[in-house]
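Notes follow once the structure below has been shown.
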Amino acid sequence: MEFNTRFFQEFADACSKQDGPQLARTLSPDIPTEELREICNSQNAHDIKRVLKRGLQGSAALVGGLGQQEVQGWVEIYTTYWNAARTILVARESSDDRRQSSQSDLVWTKVYAAWTELLNVLLRGYQNNGIEAWTLPCMYVVCKHLRLFAMEADEERNNSSSVDESAAPSLQDDFNPETNKRQKLEDCARVLSRVFTACQSDRAPLEESRKWGSYYLANLLLKTYFKLNSTSLSKNIMNSLFAGGKDMPDLSAFPKSQQVTFKYHQGVLAFLEENYVAAEQHLTDAWNNCHKDAVRNKERILTYLIPCRLIKDHMLPTEKLLAQYPRLQKLFLPICRCIKRGELHNFDLALQEGEDELVKRRIYLTLERGRDLALRNLLRKVFIARGFEEAKEGEKPARRSRVPVTEFAAAISLGSQERIDNDEVECLLANMIYKNHMKGYISRQHGIVVLSKSGAFPGTGV
Amino acid sequence: MASSHTTTKKDDKPAAETKPEQQPAAEQKAAPLEEDDEFEDFPVDNWEQEDTEAASGGDATQHLWEESWDDDDTSDDFSAQLKEELKKVEASKKR
């Protein structure tokens, strides 16, 4: 917003109401270019501090309770914001006419640097100038855009450096193109983690503590670490949040957007560690509290919840559920169908078919374990197809519980048409028994499997 | 790999049709990854319990999840095939 009377009124208004989001809007870079230009042109570098000081002191006088220190803090903040706004204007204008000047500067790198400075000044405002915690949304908006600018800067650099790409590796032996690609984002992660610590370690009484900013910052960091593929750093964030103990307000006291985002990341982290019990718990929490219209986020939650429930509870998503998410339907439906019908070979094919997508989402290995269920269902079908013993009078008919290994073998090789020898089949069967998918024992002497008369396939009704 | 890719592209330049065809394909492949792997910001900060997935019926597990095995479906091709196969095995043993 242009630094004029209206701005100083707005500032005073937000301060008197202690309306964080309203104040945060004055620091947003997410405004039309025209507005941005007005801000930049309304002042010059020589006068800006003086203008801001006079204006903000006026605002402070209107509100009352805003100390000299605090006003000075805001003067610095808005001055830095103005500087950053000028770099953004340049960046936007140069992206507009990029066609004309192909060899442009790294304008977004400059934006990133200027915006980092804004965040530093803002942080100092909290730590040294006594800026109060109700203004935390200002911190949020600045942090959020720092990450976006970092990604913009990385992308810009990666695109423009393609010309001298061949020269770069020879300059340095330990040149790592992957790290270099994410340079600014990595820097951003370090900056954000400082802000996170500044929130977390605030010792002010809870109602006015920056601790209330912890989860917002944690979520931003988690997103960043996920992008950087650094699960170990994500773990650090979790640990430091939980180490906060009693001092830290419960997650349920935070806005739902923060709860759900946090639970999603917590769930995915547990998932990647193959802790499916915890993963299911967190992802279910995320799912239940998610806004009903946030379809894409619900889809992301399900991407991990589905494999989780498959492995842990042996449950599949219904076709009705998948039908609401075409992407998930494409990803999971073939696999789920094959599991359900016990089509072992088609299961392998479906998994192969989806391999790229599944690996990308890091769910391939988990889904692969669904093969056990497909196999169980296939063996179960053999068992059911064999029907019942002749019932003795007055007794309920019992299923024929002695199954030749050759029948299981025939069923297993049915789909692929590949003969597999009995030893291998026995190995598969022994595994099923070991994993408690099937109850019974193998009698090698007779080449049969003797299945339990009470629940040969636990949990499946037979 | 990236450099070899660009060189082939340069070589292909005269064939005007191949280039526009290749590019969208590469873009399409890359786009979903970027957009997929990040949890989106919610448009609002907070919402009422009644606007949650749980309250709008998403919690009713019976609609969303089902058992991983199937009894009803014995008429499908695969089951029929399986029965045939099992009969064959049984028959060969009796002989």
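A note on labels: chains of the structure tokens are A, B, ... as shown, every chain counts residues from 1, and ligands are counted from 1 in their shown order.
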For chain B against chain A, with a cut-off of 7 Å and counting only C-alpha atoms, what is the closest atom pair and its distance in Å to one decimal for every residue that makes the cut, ordered by chain and number, as CSV?
```
residue,atom,partner,partner_atom,distance
B:Glu38,CA,A:Lys223,CA,6.7
B:Phe39,CA,A:Asn297,CA,6.1
B:Glu40,CA,A:Asn297,CA,6.5
B:Phe42,CA,A:Ser257,CA,6.2
B:Asp45,CA,A:Ser257,CA,5.3
B:Asn46,CA,A:Pro255,CA,4.9
B:Trp47,CA,A:Lys256,CA,6.5
B:Asp51,CA,A:His291,CA,5.9
B:Thr52,CA,A:His291,CA,4.7
B:Glu53,CA,A:Lys292,CA,4.4
B:Ala54,CA,A:Asn288,CA,4.4
B:Ser56,CA,A:Lys292,CA,6.9
B:Asp59,CA,A:Asn288,CA,6.7
B:His63,CA,A:Thr318,CA,6.9
B:Leu64,CA,A:Thr318,CA,5.3
B:Trp65,CA,A:Pro317,CA,4.5
B:Glu66,CA,A:Leu316,CA,5.3
B:Glu67,CA,A:Met315,CA,5.0
B:Ser68,CA,A:Met315,CA,5.2
B:Trp69,CA,A:Lys340,CA,4.7
B:Asp70,CA,A:Lys340,CA,5.7
B:Leu82,CA,A:Ala411,CA,6.4
B:Lys83,CA,A:Ala385,CA,6.7
B:Glu85,CA,A:Ala410,CA,6.8
B:Leu86,CA,A:Glu407,CA,6.1
B:Val89,CA,A:Glu407,CA,6.4
```
Please list as an mmCIF file with C-alpha atoms, in the first residue's frame every residue within 10 Å of A:Pro249, counting only C-alpha atoms and excluding residues in the same chain fewer than 3 positions away.
```cif
data_model
loop_
_atom_site.group_PDB
_atom_site.id
_atom_site.type_symbol
_atom_site.label_atom_id
_atom_site.label_comp_id
_atom_site.auth_asym_id
_atom_site.auth_seq_id
_atom_site.Cartn_x
_atom_site.Cartn_y
_atom_site.Cartn_z
ATOM 1 C CA LEU A 206 1.339 -17.785 26.519
ATOM 2 C CA GLU A 207 -1.436 -15.378 25.534
ATOM 3 C CA LYS A 211 4.813 -19.668 20.351
ATOM 4 C CA TRP A 212 1.518 -19.272 18.520
ATOM 5 C CA SER A 214 5.306 -22.220 15.809
ATOM 6 C CA GLY A 244 8.253 -27.877 23.974
ATOM 7 C CA GLY A 245 6.084 -29.978 26.271
ATOM 8 C CA LYS A 246 3.638 -28.199 28.548
ATOM 9 C CA SER A 252 -6.091 -28.418 18.620
ATOM 10 C CA ALA A 253 -5.899 -24.784 19.797
ATOM 11 C CA PHE A 254 -4.499 -23.721 16.411
#
```
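Interatomic distance, atom CA of A:Pro307 against atom CA of A:Gly267: 12.1 Å.
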**OP:** Pull the alpha helix (DSSP H) assignments for stretch 318-425 of chain A out of DSSP run on the backbone, and list those residues as JSON, numbers by chain.
**Re:** {"A": [319, 320, 321, 322, 323, 326, 327, 328, 329, 330, 331, 332, 333, 334, 335, 336, 337, 338, 339, 340, 341, 344, 345, 346, 347, 348, 349, 350, 351, 352, 353, 355, 356, 357, 358, 359, 360, 364, 365, 366, 367, 368, 371, 372, 373, 374, 375, 376, 377, 378, 379, 380, 381, 382, 383, 384, 385, 405, 406, 407, 408, 409, 410, 411, 412, 413, 414, 422, 423, 424, 425]}
Subject >> Atom-to-atom span, atom CA of A:Ala12 and atom CA of A:Leu217, Å >> reply: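 Atom CA of A:Ala12 sits 26.7 Å away from atom CA of A:Leu217.
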Original post:
In Å, with one decimal, what is the gap from atom CA of A:Val75 to atom CA of A:Pro29?
Top reply: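 Value for the atom CA of A:Val75-atom CA of A:Pro29 distance: 17.5 Å.
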